[in-house]
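Heads up, the thing below is written out as structure tokens.
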Amino acid sequence: MYPPRLRYVAPKSLDEAFAVMAEYGDDAKVLAGGQSLVPMLKLRFASPAVLVDINGLSDLAYHRAESDGSLRIGALCRHVDLERSALLPGRYPTMAAAAPQVADPIVRNRGTVVGSLCHADPQGDWASVLLALNGQVVVAGKDGRRTISVADFVVGPFQNSLAAGEIAVEASVPAAKGTPYGSYLKLERRVGDFATVGVAVAIETSGLQISRAGIALTGVGPNTIQAIEAEQALIGQALEPDVIARAAGLAAGAARPRSDHRGSAEYKRHVVETFVRRALSSYRLAVPA
Amino acid sequence: MTDAADEHRITVTVNGEPHAVEVEPRLLLVHLLREGLRLTGTHIGCDTTNCGACTVLYDGTPVKSCTMLAVQADGHEITTVEGLGSLSELDPVQEGFTIEHGLQCGFCTPGMMLTAKALITNNPNPSEEDVRWGLSGNLCRCTGYQNIVKAVLWAAAKQHGHVAETNGQGTTVSGRT
Ligand SMILES: Cc1cc2nc3c(=O)[nH]c(=O)nc-3n(C[C@H](O)[C@H](O)[C@H](O)COP(=O)(O)OP(=O)(O)OC[C@H]3O[C@@H](n4cnc5c(N)ncnc54)[C@H](O)[C@@H]3O)c2cc1C
Ligand code: FES
Ligand code: FES
């Protein structure tokens, strides 16, 4: 299978990239890791007039923790960079748990976190992780930059809220105000596959109380789903079995799974409940002195 | 500013040898290698980014060459299975696959070996678990994973000078430190 005929531009700077994007508008597509885009080109699910390859923009290849505790992930930060990062464990536990579970090792060598958010696949892992963490995306074009919450960025199945000519340049995770705990639990048919069910949990505690809660679901609906009622049921509570059970039930209720070759809707909903309970039950809170 | 001409003149180093070629942007790297440069050791298994048979090293990193454009190789170094070793001097990975019988039909083998090469270069002393995890993007339709894993462990020991012993029938490796 060949991609359709198209033009290819490898800009040397972001400004140059913005100029090409502005020139072609909706007919341009950014080429990041290519691990979703190239297969889509081959299948003719995408046929842009021009590919704007950002892989030469090495300034975008970073992830770093800021002094305020937030995490910034440049558009060329690849899945493997986070899998190998020494920065994530402890401080960003949900991110650390997810990184090695995205796709397979060879895809992780190329695929990017930001590209994954842009792709907005309801089975993509990073969208749920970033949603649970209340993440943001910085997008930019020739007229300037804006910051969008991941909730407003990943809008639909394979739909993001980029305007024509814009490039997503960074994703970020705000600093935890409390003590962070988190998990990403993923059920897959075989290693390297997309999720049958994925559950991202990110909570923060202050003493024994939960001060912030994020729960988001992968692969169990037409979109990445934020389990808002489940989150709210945790706020101000301690991690007691009845609290956990209630949140797990609410999360399962938020899922909109469909029966398919990966499993029945009922089964997937059951897995959501199990994963939320398992995640929340695994945290051993540091008791304040 | 931008070069949007339909054909691109690129220079790509394949197995140490520079090649200047004209490519259409939509040409996949695997097709440049197989059809343009006649390096047919790189196989196409699925063409859907799932199997890893087309794996080559891109500046030392394993990539699926069916999922990368040839133009993206401009100014980069590609290693295919043909560049891994020579008949007179096999790479430790090739030796390992021979000694441990790491292949059956051989279709997945070039991709397996290149992934393995990068793996043991980055992790000189991998555990069996490391090898299984590291190879999880390469599928073997003959499902000979057991011997593939042994072959890679053998190669790691050989490449990094740990003592490697076989029992003469090519089944064991010991002495990993
Ligand atoms: C076999 C296989 C298994 C996979 N399994 C999983 C999995 O389990 N979980 C998972 O989450 N993903 C999985 N993926 C997808 C993979 O994670 C991709 O890397 C990811 O979805 C897209 O990232 P990319 O950098 O490769 O983007 P690309 O493929 O380059 O681009 C994807 C889309 O986003 C747009 N885009 C990319 N970057 C930008 C940007 N900076 N600004 C604006 N638009 C942009 C592109 O124009 C395109 O429309 C799998 C892929 C394969 C091939
Ligand atoms: S042929 Fe490229 S991954 Fe299967
Ligand atoms: S040896 Fe036949 S596919 Fe692996």
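Chain labels A, B, ... are given in the sequence in which chains occur in the structure tokens; within each chain residues are numbered consecutively from 1, and ligands are likewise numbered from 1 in the order shown.
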Could the residues that lie within 9 Å of ligand 3, counting only C-alpha atoms and all ligand atoms, be listed as a PyMOL selection string? chain B and resi 45+53+102-109+112+138-145+148
Go ahead and dump the residues you just picked, C-alpha atoms, as a compact mmCIF listing (two decimals), in the first residue's frame.
# COMPACT_ATOMS: atom_id res chain seq x y z
CA GLY B 45 4.85 -8.86 6.65
CA ALA B 53 9.11 -7.75 9.91
CA GLY B 102 16.24 -18.79 16.48
CA LEU B 103 14.34 -19.14 13.23
CA GLN B 104 12.02 -21.46 11.41
CA CYS B 105 10.77 -19.99 8.12
CA GLY B 106 12.98 -16.94 8.67
CA PHE B 107 10.46 -14.35 7.59
CA CYS B 108 10.46 -12.39 10.84
CA THR B 109 14.17 -12.92 11.41
CA MET B 112 13.92 -9.64 15.04
CA ASN B 138 8.13 -8.22 16.48
CA LEU B 139 5.75 -11.02 15.70
CA CYS B 140 6.84 -14.51 14.65
CA ARG B 141 4.18 -16.33 12.67
CA CYS B 142 6.01 -19.59 13.31
CA THR B 143 5.84 -18.72 17.03
CA GLY B 144 9.40 -19.76 17.70
CA TYR B 145 9.76 -17.25 20.50
CA ILE B 148 14.49 -16.39 19.61
Find the residues near ligand 2. Use a cut-off of 8 Å, count only C-alpha atoms and all ligand atoms, and write them as a PDB file with C-alpha atoms, in the first residue's frame.
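Final output, result15.pdb:
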ATOM      1  CA  HIS B  43      10.625  -7.991   4.678  1.00  0.00           C
ATOM      2  CA  ILE B  44       7.070  -6.761   4.430  1.00  0.00           C
ATOM      3  CA  GLY B  45       4.854  -8.856   6.651  1.00  0.00           C
ATOM      4  CA  CYS B  46       1.667  -6.949   7.327  1.00  0.00           C
ATOM      5  CA  ASP B  47       2.095  -3.486   5.807  1.00  0.00           C
ATOM      6  CA  THR B  48      -0.121  -2.241   8.664  1.00  0.00           C
ATOM      7  CA  THR B  49       2.534  -1.430  11.291  1.00  0.00           C
ATOM      8  CA  ASN B  50       1.732  -4.483  13.366  1.00  0.00           C
ATOM      9  CA  CYS B  51       4.325  -7.172  12.746  1.00  0.00           C
ATOM     10  CA  GLY B  52       7.798  -5.623  12.825  1.00  0.00           C
ATOM     11  CA  ALA B  53       9.111  -7.754   9.914  1.00  0.00           C
ATOM     12  CA  CYS B  54      10.163  -4.521   8.185  1.00  0.00           C
ATOM     13  CA  THR B  55      12.184  -3.243  11.156  1.00  0.00           C
ATOM     14  CA  LYS B  64       9.061  -0.009  11.153  1.00  0.00           C
ATOM     15  CA  SER B  65      10.192   0.902   7.646  1.00  0.00           C
ATOM     16  CA  CYS B  66       6.671   0.378   6.261  1.00  0.00           C
ATOM     17  CA  THR B  67       5.581   3.277   8.449  1.00  0.00           C
TER      18      THR B  67
END
Find the residues near Leu87 in chain A: any atom within 10 Å, counting only C-alpha atoms, skip ones fewer than 2 places away on the same chain, and give them as a list in words.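 What passes the distance filter is His63, Arg64, Ala65, Leu71, Leu82, Arg84, Ser85, Pro89, Gly90, Arg91, Tyr92, Pro93 and Ala96 of chain A.
Here the question is which of B:Ala116, B:Glu24, B:Val63, B:Gly83 gets nearest to ligand 1 using only C-alpha atoms and all ligand atoms, and that residue is B:Val63.
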Find the residues in chain A near chain B: any atom within 8 Å counts, using only C-alpha atoms. Write them as a list in words. Met1, Tyr2, Pro3, Pro4, Arg5, Leu6, Arg7, Tyr8, Val9, Ala10, Pro11, Glu16, Val20, Gly34, Gln35, Val38, Pro39, Asp104, Pro105, Ile106, Val107, Asn109, Arg110, Val191 and Gly192 of chain A
